$ cat structure-v6.txt   # compact mmCIF, N, CA and C atoms
# COMPACT_ATOMS: atom_id res chain seq x y z
N MET A 1210 47.15 6.25 77.26
CA MET A 1210 48.04 5.82 78.31
C MET A 1210 49.31 6.67 78.26
N ALA A 1211 49.74 7.17 79.40
CA ALA A 1211 50.91 8.04 79.47
C ALA A 1211 52.20 7.23 79.33
N SER A 1212 53.21 7.86 78.76
CA SER A 1212 54.52 7.22 78.66
C SER A 1212 55.12 7.10 80.06
N ASN A 1213 56.14 6.28 80.18
CA ASN A 1213 56.84 6.15 81.46
C ASN A 1213 57.50 7.47 81.85
N LEU A 1214 57.97 8.23 80.86
CA LEU A 1214 58.55 9.54 81.13
C LEU A 1214 57.52 10.47 81.74
N GLU A 1215 56.36 10.56 81.11
CA GLU A 1215 55.31 11.44 81.64
C GLU A 1215 54.82 10.97 83.01
N THR A 1216 54.75 9.68 83.20
CA THR A 1216 54.37 9.14 84.52
C THR A 1216 55.38 9.57 85.58
N ALA A 1217 56.67 9.51 85.25
CA ALA A 1217 57.71 9.91 86.20
C ALA A 1217 57.63 11.40 86.51
N LEU A 1218 57.45 12.22 85.48
CA LEU A 1218 57.37 13.67 85.69
C LEU A 1218 56.11 14.06 86.46
N THR A 1219 55.00 13.39 86.18
CA THR A 1219 53.76 13.65 86.90
C THR A 1219 53.91 13.27 88.37
N ALA A 1220 54.59 12.18 88.65
CA ALA A 1220 54.81 11.76 90.03
C ALA A 1220 55.69 12.76 90.77
N LEU A 1221 56.75 13.24 90.10
CA LEU A 1221 57.60 14.25 90.72
C LEU A 1221 56.81 15.53 90.98
N ALA A 1222 55.98 15.93 90.02
CA ALA A 1222 55.15 17.13 90.20
C ALA A 1222 54.22 16.97 91.39
N ALA A 1223 53.67 15.79 91.58
CA ALA A 1223 52.76 15.55 92.70
C ALA A 1223 53.51 15.69 94.03
N VAL A 1224 54.73 15.18 94.10
CA VAL A 1224 55.52 15.27 95.33
C VAL A 1224 55.87 16.73 95.62
N LEU A 1225 56.33 17.46 94.60
CA LEU A 1225 56.71 18.86 94.81
C LEU A 1225 55.50 19.73 95.10
N GLY A 1226 54.40 19.46 94.42
CA GLY A 1226 53.18 20.25 94.63
C GLY A 1226 52.56 20.04 95.99
N ALA A 1227 52.89 18.94 96.66
CA ALA A 1227 52.32 18.65 97.98
C ALA A 1227 53.12 19.30 99.12
N ILE A 1228 54.25 19.92 98.80
CA ILE A 1228 55.03 20.59 99.85
C ILE A 1228 54.26 21.82 100.31
N PRO A 1229 53.95 21.91 101.59
CA PRO A 1229 53.16 23.05 102.07
C PRO A 1229 53.95 24.36 102.05
N GLY A 1230 53.29 25.43 101.63
CA GLY A 1230 53.89 26.76 101.68
C GLY A 1230 54.14 27.39 100.33
N PRO A 1231 55.06 26.84 99.53
CA PRO A 1231 55.38 27.50 98.27
C PRO A 1231 54.32 27.28 97.21
N ASP A 1232 54.25 28.24 96.26
CA ASP A 1232 53.46 28.03 95.05
C ASP A 1232 54.22 27.04 94.19
N PHE A 1233 53.49 26.24 93.42
CA PHE A 1233 54.12 25.25 92.56
C PHE A 1233 53.54 25.35 91.16
N ALA A 1234 54.40 25.19 90.15
CA ALA A 1234 53.95 25.13 88.76
C ALA A 1234 54.88 24.21 87.98
N ARG A 1235 54.30 23.56 86.98
CA ARG A 1235 55.09 22.72 86.07
C ARG A 1235 55.00 23.30 84.67
N ASN A 1236 56.13 23.48 84.04
CA ASN A 1236 56.22 23.98 82.66
C ASN A 1236 55.43 25.26 82.45
N ASP A 1237 55.54 26.18 83.38
CA ASP A 1237 54.84 27.47 83.29
C ASP A 1237 55.90 28.57 83.21
N PRO A 1238 56.22 29.05 82.00
CA PRO A 1238 57.28 30.05 81.86
C PRO A 1238 56.86 31.47 82.22
N SER A 1239 55.60 31.68 82.60
CA SER A 1239 55.14 33.04 82.87
C SER A 1239 55.82 33.60 84.12
N GLU A 1240 55.99 34.91 84.11
CA GLU A 1240 56.56 35.61 85.26
C GLU A 1240 55.50 35.68 86.34
N ARG A 1241 55.85 35.27 87.54
CA ARG A 1241 54.92 35.32 88.66
C ARG A 1241 55.63 35.93 89.86
N ALA A 1242 54.88 36.61 90.69
CA ALA A 1242 55.45 37.17 91.91
C ALA A 1242 55.87 36.02 92.84
N VAL A 1243 56.84 36.31 93.69
CA VAL A 1243 57.28 35.32 94.66
C VAL A 1243 56.43 35.49 95.92
N PRO A 1244 55.60 34.51 96.25
CA PRO A 1244 54.77 34.62 97.45
C PRO A 1244 55.60 34.43 98.72
N PRO A 1245 55.05 34.74 99.87
CA PRO A 1245 55.81 34.62 101.12
C PRO A 1245 56.39 33.22 101.35
N GLY A 1246 55.73 32.17 100.89
CA GLY A 1246 56.23 30.81 101.09
C GLY A 1246 57.22 30.35 100.05
N GLY A 1247 57.52 31.21 99.06
CA GLY A 1247 58.44 30.86 98.00
C GLY A 1247 57.72 30.27 96.80
N ARG A 1248 58.52 29.81 95.85
CA ARG A 1248 57.96 29.27 94.61
C ARG A 1248 58.83 28.11 94.14
N ILE A 1249 58.18 27.07 93.65
CA ILE A 1249 58.88 25.93 93.05
C ILE A 1249 58.37 25.79 91.62
N ASP A 1250 59.29 25.80 90.66
CA ASP A 1250 58.94 25.62 89.26
C ASP A 1250 59.64 24.38 88.73
N LEU A 1251 58.86 23.47 88.17
CA LEU A 1251 59.39 22.23 87.59
C LEU A 1251 59.33 22.33 86.07
N SER A 1252 60.47 22.08 85.43
CA SER A 1252 60.54 21.96 83.98
C SER A 1252 60.94 20.53 83.65
N ASP A 1253 60.43 20.02 82.54
CA ASP A 1253 60.67 18.62 82.20
C ASP A 1253 62.14 18.29 82.03
N GLY A 1254 62.96 19.24 81.61
CA GLY A 1254 64.39 18.99 81.48
C GLY A 1254 64.73 18.13 80.28
N GLU A 1255 65.80 17.38 80.41
CA GLU A 1255 66.34 16.60 79.30
C GLU A 1255 66.28 15.11 79.60
N LEU A 1256 66.04 14.35 78.55
CA LEU A 1256 66.07 12.89 78.63
C LEU A 1256 67.37 12.43 77.99
N ALA A 1257 68.22 11.78 78.77
CA ALA A 1257 69.50 11.29 78.26
C ALA A 1257 69.28 10.12 77.31
N ASP A 1258 70.29 9.82 76.51
CA ASP A 1258 70.21 8.65 75.64
C ASP A 1258 70.04 7.41 76.52
N PRO A 1259 69.12 6.54 76.14
CA PRO A 1259 68.86 5.38 77.00
C PRO A 1259 69.94 4.31 76.90
N GLU A 1260 70.03 3.55 77.96
CA GLU A 1260 70.85 2.33 77.97
C GLU A 1260 69.96 1.23 77.38
N VAL A 1261 70.47 0.48 76.43
CA VAL A 1261 69.67 -0.55 75.78
C VAL A 1261 70.02 -1.91 76.37
N TYR A 1262 68.97 -2.63 76.77
CA TYR A 1262 69.13 -3.98 77.31
C TYR A 1262 68.46 -4.96 76.35
N LEU A 1263 69.10 -6.09 76.12
CA LEU A 1263 68.56 -7.08 75.20
C LEU A 1263 67.99 -8.26 75.96
N SER A 1264 67.02 -8.91 75.35
CA SER A 1264 66.45 -10.17 75.82
C SER A 1264 65.91 -10.12 77.24
N PRO A 1265 64.77 -9.57 77.46
CA PRO A 1265 63.92 -8.88 76.48
C PRO A 1265 64.40 -7.44 76.27
N LEU A 1266 64.05 -6.89 75.13
CA LEU A 1266 64.44 -5.53 74.79
C LEU A 1266 63.83 -4.56 75.78
N ALA A 1267 64.67 -3.72 76.39
CA ALA A 1267 64.21 -2.70 77.33
C ALA A 1267 65.19 -1.54 77.28
N TYR A 1268 64.73 -0.38 77.75
CA TYR A 1268 65.54 0.83 77.73
C TYR A 1268 65.60 1.41 79.14
N GLY A 1269 66.82 1.65 79.60
CA GLY A 1269 67.02 2.30 80.89
C GLY A 1269 67.23 3.79 80.68
N HIS A 1270 66.34 4.59 81.23
CA HIS A 1270 66.37 6.04 80.99
C HIS A 1270 66.77 6.80 82.25
N VAL A 1271 67.36 7.97 82.01
CA VAL A 1271 67.55 8.97 83.06
C VAL A 1271 67.01 10.28 82.50
N ALA A 1272 65.97 10.78 83.15
CA ALA A 1272 65.41 12.09 82.80
C ALA A 1272 65.89 13.08 83.84
N ASN A 1273 66.48 14.16 83.39
CA ASN A 1273 66.99 15.18 84.30
C ASN A 1273 66.00 16.34 84.35
N ALA A 1274 65.07 16.25 85.29
CA ALA A 1274 64.07 17.30 85.47
C ALA A 1274 64.71 18.48 86.19
N GLU A 1275 64.36 19.68 85.77
CA GLU A 1275 64.93 20.88 86.38
C GLU A 1275 63.93 21.51 87.33
N VAL A 1276 64.38 21.79 88.55
CA VAL A 1276 63.54 22.41 89.56
C VAL A 1276 64.20 23.73 89.95
N VAL A 1277 63.45 24.81 89.82
CA VAL A 1277 63.93 26.13 90.23
C VAL A 1277 63.14 26.54 91.46
N VAL A 1278 63.86 26.87 92.52
CA VAL A 1278 63.28 27.25 93.80
C VAL A 1278 63.63 28.71 94.04
N VAL A 1279 62.63 29.54 94.38
CA VAL A 1279 62.86 30.96 94.57
C VAL A 1279 62.19 31.42 95.86
N VAL A 1280 62.91 32.23 96.64
CA VAL A 1280 62.36 32.85 97.84
C VAL A 1280 62.70 34.34 97.80
N GLN A 1281 61.98 35.11 98.60
CA GLN A 1281 62.23 36.55 98.66
C GLN A 1281 62.03 37.00 100.10
N ALA A 1282 62.97 37.80 100.60
CA ALA A 1282 62.88 38.33 101.95
C ALA A 1282 63.72 39.59 102.04
N GLY A 1283 63.50 40.37 103.08
CA GLY A 1283 64.14 41.67 103.22
C GLY A 1283 65.62 41.65 103.58
N THR A 1284 66.08 40.60 104.25
CA THR A 1284 67.49 40.56 104.66
C THR A 1284 68.17 39.34 104.06
N PRO A 1285 69.48 39.43 103.89
CA PRO A 1285 70.20 38.26 103.37
C PRO A 1285 70.04 37.04 104.26
N GLU A 1286 70.03 37.24 105.56
CA GLU A 1286 69.89 36.12 106.49
C GLU A 1286 68.54 35.43 106.33
N ALA A 1287 67.49 36.24 106.19
CA ALA A 1287 66.14 35.68 106.02
C ALA A 1287 66.03 34.93 104.69
N ARG A 1288 66.64 35.47 103.63
CA ARG A 1288 66.63 34.77 102.33
C ARG A 1288 67.38 33.45 102.42
N ASP A 1289 68.56 33.48 103.04
CA ASP A 1289 69.36 32.26 103.17
C ASP A 1289 68.59 31.19 103.93
N ALA A 1290 67.97 31.58 105.04
CA ALA A 1290 67.23 30.63 105.86
C ALA A 1290 66.02 30.07 105.11
N ALA A 1291 65.30 30.95 104.40
CA ALA A 1291 64.10 30.51 103.67
C ALA A 1291 64.47 29.55 102.55
N LEU A 1292 65.54 29.85 101.82
CA LEU A 1292 65.97 28.96 100.73
C LEU A 1292 66.44 27.62 101.28
N ASP A 1293 67.24 27.67 102.33
CA ASP A 1293 67.72 26.43 102.93
C ASP A 1293 66.56 25.56 103.40
N ASP A 1294 65.57 26.18 104.04
CA ASP A 1294 64.41 25.44 104.52
C ASP A 1294 63.65 24.79 103.36
N LEU A 1295 63.44 25.53 102.30
CA LEU A 1295 62.69 24.99 101.16
C LEU A 1295 63.46 23.87 100.47
N LEU A 1296 64.77 24.02 100.32
CA LEU A 1296 65.57 22.95 99.73
C LEU A 1296 65.55 21.69 100.60
N GLU A 1297 65.59 21.87 101.91
CA GLU A 1297 65.52 20.72 102.82
C GLU A 1297 64.17 20.01 102.70
N ARG A 1298 63.09 20.79 102.56
CA ARG A 1298 61.77 20.17 102.42
C ARG A 1298 61.65 19.41 101.10
N ILE A 1299 62.26 19.91 100.05
CA ILE A 1299 62.27 19.19 98.78
C ILE A 1299 63.05 17.89 98.93
N LYS A 1300 64.24 17.97 99.54
CA LYS A 1300 65.06 16.78 99.77
C LYS A 1300 64.29 15.74 100.59
N ASP A 1301 63.64 16.19 101.65
CA ASP A 1301 62.89 15.27 102.51
C ASP A 1301 61.69 14.66 101.77
N ALA A 1302 61.01 15.45 100.95
CA ALA A 1302 59.84 14.95 100.22
C ALA A 1302 60.24 13.87 99.22
N ILE A 1303 61.31 14.10 98.50
CA ILE A 1303 61.78 13.09 97.53
C ILE A 1303 62.39 11.90 98.27
N GLY A 1304 63.14 12.17 99.33
CA GLY A 1304 63.78 11.10 100.09
C GLY A 1304 62.80 10.20 100.81
N ALA A 1305 61.60 10.70 101.12
CA ALA A 1305 60.60 9.88 101.80
C ALA A 1305 60.15 8.72 100.93
N ASP A 1306 60.17 8.89 99.61
CA ASP A 1306 59.82 7.81 98.69
C ASP A 1306 60.59 8.02 97.39
N PRO A 1307 61.86 7.60 97.32
CA PRO A 1307 62.66 7.85 96.13
C PRO A 1307 62.18 7.14 94.87
N THR A 1308 61.18 6.26 95.00
CA THR A 1308 60.60 5.66 93.80
C THR A 1308 59.39 6.44 93.31
N LEU A 1309 59.04 7.50 94.01
CA LEU A 1309 57.88 8.34 93.65
C LEU A 1309 56.63 7.50 93.43
N GLY A 1310 56.36 6.66 94.42
CA GLY A 1310 55.17 5.82 94.35
C GLY A 1310 55.28 4.71 93.32
N GLY A 1311 56.49 4.32 92.96
CA GLY A 1311 56.69 3.26 91.98
C GLY A 1311 56.80 3.76 90.56
N ALA A 1312 56.76 5.07 90.35
CA ALA A 1312 56.84 5.62 88.99
C ALA A 1312 58.25 5.54 88.42
N VAL A 1313 59.27 5.48 89.30
CA VAL A 1313 60.66 5.41 88.86
C VAL A 1313 61.42 4.37 89.68
N GLU A 1314 62.55 3.96 89.17
CA GLU A 1314 63.44 3.08 89.93
C GLU A 1314 64.08 3.87 91.06
N ALA A 1315 64.46 5.12 90.75
CA ALA A 1315 65.08 5.99 91.75
C ALA A 1315 65.01 7.43 91.30
N ALA A 1316 64.85 8.32 92.27
CA ALA A 1316 64.91 9.77 92.03
C ALA A 1316 66.01 10.32 92.92
N GLY A 1317 66.94 11.05 92.34
CA GLY A 1317 68.05 11.60 93.10
C GLY A 1317 68.27 13.06 92.76
N ILE A 1318 68.70 13.83 93.77
CA ILE A 1318 68.91 15.26 93.60
C ILE A 1318 70.38 15.55 93.39
N VAL A 1319 70.67 16.39 92.39
CA VAL A 1319 72.02 16.86 92.13
C VAL A 1319 72.22 18.16 92.92
N ALA A 1320 73.42 18.44 93.37
CA ALA A 1320 73.71 19.63 94.16
C ALA A 1320 73.18 20.89 93.48
N PRO A 1321 72.61 21.80 94.27
CA PRO A 1321 71.99 22.98 93.67
C PRO A 1321 73.00 24.03 93.20
N GLU A 1322 72.59 24.76 92.19
CA GLU A 1322 73.30 25.94 91.73
C GLU A 1322 72.53 27.13 92.31
N ARG A 1323 73.15 27.93 93.15
CA ARG A 1323 72.45 29.02 93.84
C ARG A 1323 72.63 30.33 93.10
N LEU A 1324 71.63 31.22 93.25
CA LEU A 1324 71.70 32.53 92.62
C LEU A 1324 70.96 33.56 93.48
N THR A 1325 71.40 34.81 93.40
CA THR A 1325 70.72 35.92 94.05
C THR A 1325 70.58 37.01 93.01
N GLU A 1326 69.38 37.59 92.90
CA GLU A 1326 69.14 38.64 91.93
C GLU A 1326 68.35 39.77 92.56
N PRO A 1327 68.56 41.01 92.08
CA PRO A 1327 67.75 42.12 92.59
C PRO A 1327 66.31 42.00 92.09
N ALA A 1328 65.40 42.65 92.79
CA ALA A 1328 64.00 42.65 92.38
C ALA A 1328 63.48 44.08 92.40
N ASP A 1329 62.39 44.33 91.68
CA ASP A 1329 61.84 45.67 91.56
C ASP A 1329 61.37 46.25 92.89
N ASN A 1330 60.87 45.41 93.78
CA ASN A 1330 60.31 45.91 95.03
C ASN A 1330 61.35 46.11 96.12
N GLY A 1331 62.62 45.97 95.82
CA GLY A 1331 63.67 46.21 96.79
C GLY A 1331 64.11 44.99 97.57
N LYS A 1332 63.36 43.91 97.54
CA LYS A 1332 63.74 42.69 98.23
C LYS A 1332 64.36 41.75 97.20
N PRO A 1333 65.66 41.51 97.30
CA PRO A 1333 66.28 40.60 96.34
C PRO A 1333 65.67 39.20 96.40
N ILE A 1334 65.82 38.52 95.28
CA ILE A 1334 65.33 37.16 95.15
C ILE A 1334 66.52 36.22 95.29
N LYS A 1335 66.36 35.20 96.09
CA LYS A 1335 67.39 34.17 96.22
C LYS A 1335 66.78 32.87 95.72
N GLY A 1336 67.56 32.13 94.98
CA GLY A 1336 67.02 30.90 94.44
C GLY A 1336 68.08 29.85 94.21
N ALA A 1337 67.62 28.73 93.76
CA ALA A 1337 68.52 27.63 93.42
C ALA A 1337 67.91 26.84 92.27
N ARG A 1338 68.78 26.31 91.45
CA ARG A 1338 68.37 25.42 90.37
C ARG A 1338 68.93 24.05 90.73
N ILE A 1339 68.03 23.08 90.82
CA ILE A 1339 68.49 21.72 91.09
C ILE A 1339 67.99 20.81 89.98
N VAL A 1340 68.72 19.76 89.78
CA VAL A 1340 68.32 18.74 88.82
C VAL A 1340 67.91 17.51 89.62
N VAL A 1341 66.74 16.98 89.28
CA VAL A 1341 66.30 15.73 89.88
C VAL A 1341 66.41 14.66 88.79
N ALA A 1342 67.32 13.72 89.01
CA ALA A 1342 67.53 12.63 88.06
C ALA A 1342 66.51 11.54 88.32
N LEU A 1343 65.68 11.28 87.32
CA LEU A 1343 64.64 10.25 87.42
C LEU A 1343 65.08 9.05 86.59
N GLU A 1344 65.34 7.93 87.25
CA GLU A 1344 65.78 6.72 86.57
C GLU A 1344 64.60 5.77 86.45
N PHE A 1345 64.34 5.31 85.22
CA PHE A 1345 63.22 4.40 85.01
C PHE A 1345 63.46 3.53 83.79
N MET A 1346 62.72 2.45 83.71
CA MET A 1346 62.79 1.52 82.59
C MET A 1346 61.59 1.75 81.68
N SER A 1347 61.77 1.41 80.42
CA SER A 1347 60.71 1.58 79.43
C SER A 1347 60.90 0.56 78.31
N ASN A 1348 59.85 0.32 77.59
CA ASN A 1348 59.97 -0.54 76.41
C ASN A 1348 60.13 0.29 75.14
N SER A 1349 60.38 1.59 75.32
CA SER A 1349 60.51 2.50 74.19
C SER A 1349 61.73 3.41 74.34
N PRO A 1350 62.42 3.70 73.25
CA PRO A 1350 63.53 4.64 73.35
C PRO A 1350 63.06 6.07 73.60
N LEU A 1351 61.77 6.33 73.47
CA LEU A 1351 61.21 7.66 73.70
C LEU A 1351 60.89 7.91 75.17
N GLY A 1352 61.01 6.91 75.99
CA GLY A 1352 60.72 7.07 77.42
C GLY A 1352 59.39 6.50 77.72
$ encode --input "structure-v6.txt" --output "structure tokens"
Amino acid sequence: MASNLETALTALAAVLGAIPGPDFARNDPSERAVPPGGRIDLSDGELADPEVYLSPLAYGHVANAEVVVVVQAGTPEARDAALDDLLERIKDAIGADPTLGGAVEAAGIVAPERLTEPADNGKPIKGARIVVALEFMSNSPLG
């Protein structure tokens, strides 16, 4: 049986993986080309110290999953538009069901950190790193 943490991360992965267009991977550190639809990479991130509730004993967790979104296009305008579109689709996908099918109490997105980097093929890469805070209850301090 999966922990509540793994259930929450799996549910987030399912939501992100269902977004049409971009390639999606979870916990895959390998270098991959950026396809025309962009790329979404999910890393498990950090689990904050839980809030402890007594009677009955329960733990309130916040897991900060890291999502890196990357697009590539020939012009700055095209990169900006592609990144904005992909971030909006992520926001809409999570916002459509912030409980991720009941896996969490709430999933919320933290403002993105944006970056632009050169690439070998001449088309710079534009991306953003966002944190998705997954709030859930558990009967274990481990999540």
$ residues_near_point --input "structure-v6.txt" --point "(66.1, 8.8, 79.8)" --cutoff "6.5 Å" --atoms "all atoms listed in the file" --output "PyMOL selection string"
chain A and resi 1255-1259+1269-1273+1352
$ residues_near_point --input "structure-v6.txt" --point "(54.9, 8.7, 79.0)" --cutoff "12 Å" --atoms "only C-alpha atoms" --output "JSON, numbers by chain"
{"A": [1210, 1211, 1212, 1213, 1214, 1215, 1216, 1217, 1218, 1219, 1220, 1253, 1256, 1270, 1272, 1312, 1313, 1345, 1346, 1347, 1348, 1349, 1350, 1351, 1352]}
$ select_by_dssp --input "structure-v6.txt" --residues "chain A" --states "helix (DSSP H, G or I)" --output "number ranges by chain"
A: 1213-1226, 1285-1305
$ write_last_selection --input "structure-v6.txt" --atoms "N, CA and C atoms" --output "CSV table (one decimal), in the coordinates of the input"
chain,number,residue,atom,x,y,z
A,1213,ASN,N,56.1,6.3,80.2
A,1213,ASN,CA,56.8,6.2,81.5
A,1213,ASN,C,57.5,7.5,81.8
A,1214,LEU,N,58.0,8.2,80.9
A,1214,LEU,CA,58.6,9.5,81.1
A,1214,LEU,C,57.5,10.5,81.7
A,1215,GLU,N,56.4,10.6,81.1
A,1215,GLU,CA,55.3,11.4,81.6
A,1215,GLU,C,54.8,11.0,83.0
A,1216,THR,N,54.8,9.7,83.2
A,1216,THR,CA,54.4,9.1,84.5
A,1216,THR,C,55.4,9.6,85.6
A,1217,ALA,N,56.7,9.5,85.2
A,1217,ALA,CA,57.7,9.9,86.2
A,1217,ALA,C,57.6,11.4,86.5
A,1218,LEU,N,57.4,12.2,85.5
A,1218,LEU,CA,57.4,13.7,85.7
A,1218,LEU,C,56.1,14.1,86.5
A,1219,THR,N,55.0,13.4,86.2
A,1219,THR,CA,53.8,13.6,86.9
A,1219,THR,C,53.9,13.3,88.4
A,1220,ALA,N,54.6,12.2,88.6
A,1220,ALA,CA,54.8,11.8,90.0
A,1220,ALA,C,55.7,12.8,90.8
A,1221,LEU,N,56.8,13.2,90.1
A,1221,LEU,CA,57.6,14.2,90.7
A,1221,LEU,C,56.8,15.5,91.0
A,1222,ALA,N,56.0,15.9,90.0
A,1222,ALA,CA,55.2,17.1,90.2
A,1222,ALA,C,54.2,17.0,91.4
A,1223,ALA,N,53.7,15.8,91.6
A,1223,ALA,CA,52.8,15.6,92.7
A,1223,ALA,C,53.5,15.7,94.0
A,1224,VAL,N,54.7,15.2,94.1
A,1224,VAL,CA,55.5,15.3,95.3
A,1224,VAL,C,55.9,16.7,95.6
A,1225,LEU,N,56.3,17.5,94.6
A,1225,LEU,CA,56.7,18.9,94.8
A,1225,LEU,C,55.5,19.7,95.1
A,1226,GLY,N,54.4,19.5,94.4
A,1226,GLY,CA,53.2,20.2,94.6
A,1226,GLY,C,52.6,20.0,96.0
A,1285,PRO,N,69.5,39.4,103.9
A,1285,PRO,CA,70.2,38.3,103.4
A,1285,PRO,C,70.0,37.0,104.3
A,1286,GLU,N,70.0,37.2,105.6
A,1286,GLU,CA,69.9,36.1,106.5
A,1286,GLU,C,68.5,35.4,106.3
A,1287,ALA,N,67.5,36.2,106.2
A,1287,ALA,CA,66.1,35.7,106.0
A,1287,ALA,C,66.0,34.9,104.7
A,1288,ARG,N,66.6,35.5,103.6
A,1288,ARG,CA,66.6,34.8,102.3
A,1288,ARG,C,67.4,33.4,102.4
A,1289,ASP,N,68.6,33.5,103.0
A,1289,ASP,CA,69.4,32.3,103.2
A,1289,ASP,C,68.6,31.2,103.9
A,1290,ALA,N,68.0,31.6,105.0
A,1290,ALA,CA,67.2,30.6,105.9
A,1290,ALA,C,66.0,30.1,105.1
A,1291,ALA,N,65.3,31.0,104.4
A,1291,ALA,CA,64.1,30.5,103.7
A,1291,ALA,C,64.5,29.6,102.6
A,1292,LEU,N,65.5,29.8,101.8
A,1292,LEU,CA,66.0,29.0,100.7
A,1292,LEU,C,66.4,27.6,101.3
A,1293,ASP,N,67.2,27.7,102.3
A,1293,ASP,CA,67.7,26.4,102.9
A,1293,ASP,C,66.6,25.6,103.4
A,1294,ASP,N,65.6,26.2,104.0
A,1294,ASP,CA,64.4,25.4,104.5
A,1294,ASP,C,63.6,24.8,103.4
A,1295,LEU,N,63.4,25.5,102.3
A,1295,LEU,CA,62.7,25.0,101.2
A,1295,LEU,C,63.5,23.9,100.5
A,1296,LEU,N,64.8,24.0,100.3
A,1296,LEU,CA,65.6,23.0,99.7
A,1296,LEU,C,65.6,21.7,100.6
A,1297,GLU,N,65.6,21.9,101.9
A,1297,GLU,CA,65.5,20.7,102.8
A,1297,GLU,C,64.2,20.0,102.7
A,1298,ARG,N,63.1,20.8,102.6
A,1298,ARG,CA,61.8,20.2,102.4
A,1298,ARG,C,61.6,19.4,101.1
A,1299,ILE,N,62.3,19.9,100.0
A,1299,ILE,CA,62.3,19.2,98.8
A,1299,ILE,C,63.0,17.9,98.9
A,1300,LYS,N,64.2,18.0,99.5
A,1300,LYS,CA,65.1,16.8,99.8
A,1300,LYS,C,64.3,15.7,100.6
A,1301,ASP,N,63.6,16.2,101.6
A,1301,ASP,CA,62.9,15.3,102.5
A,1301,ASP,C,61.7,14.7,101.8
A,1302,ALA,N,61.0,15.4,101.0
A,1302,ALA,CA,59.8,15.0,100.2
A,1302,ALA,C,60.2,13.9,99.2
A,1303,ILE,N,61.3,14.1,98.5
A,1303,ILE,CA,61.8,13.1,97.5
A,1303,ILE,C,62.4,11.9,98.3
A,1304,GLY,N,63.1,12.2,99.3
A,1304,GLY,CA,63.8,11.1,100.1
A,1304,GLY,C,62.8,10.2,100.8
A,1305,ALA,N,61.6,10.7,101.1
A,1305,ALA,CA,60.6,9.9,101.8
A,1305,ALA,C,60.2,8.7,100.9
$ axis_aligned_box --input "structure-v6.txt" --around "segment 1238-1251 of chain A" --padding-each-side "6 Å" --output "lines of an AutoDock Vina configuration file"
center_x = 57.2
center_y = 29.7
center_z = 91.6
size_x = 16.9
size_y = 26.9
size_z = 31.5
$ atom_distance --input "structure-v6.txt" --atom1 "atom C of Val1276 of chain A" --atom2 "atom C of Glu1314 of chain A"
19.9 Å
$ atom_distance --input "structure-v6.txt" --atom1 "atom CA of Asp1301 of chain A" --atom2 "atom C of Pro1229 of chain A"
12.8 Å
$ atom_distance --input "structure-v6.txt" --atom1 "atom N of Val1340 of chain A" --atom2 "atom CA of Ile1303 of chain A"
12.4 Å
$ closest_residue --input "structure-v6.txt" --among "A:Ala1274, A:Ala1328, A:Val1319, A:Ile1299" --to "Ile1228 of chain A" --atoms "all atoms listed in the file"
A:Ile1299
$ select_by_dssp --input "structure-v6.txt" --residues "segment 1238-1334 of chain A" --states "strand (DSSP E)" --output "PyMOL selection string"
chain A and resi 1248-1256+1260-1262+1267-1281+1315-1318+1322-1326+1334
$ residues_around --input "structure-v6.txt" --residues "Glu1275 of chain A" --least-positions-apart "6" --cutoff "8 Å" --atoms "only N, CA and C atoms" --output "PyMOL selection string"
chain A and resi 1250-1255+1338-1342
$ closest_residue --input "structure-v6.txt" --among "A:Glu1297, A:Glu1260, A:Asp1306, A:Asp1289" --to "Arg1323 of chain A" --atoms "only C-alpha atoms"
A:Asp1289
$ closest_residue --input "structure-v6.txt" --among "A:Ser1239, A:Tyr1262, A:Ile1334, A:Gly1317" --to "Gly1304 of chain A" --atoms "only N, CA and C atoms"
A:Gly1317
$ closest_residue --input "structure-v6.txt" --among "A:Leu1266, A:Ala1302, A:Leu1309, A:Ala1282" --to "Pro1245 of chain A" --atoms "only N, CA and C atoms"
A:Ala1282
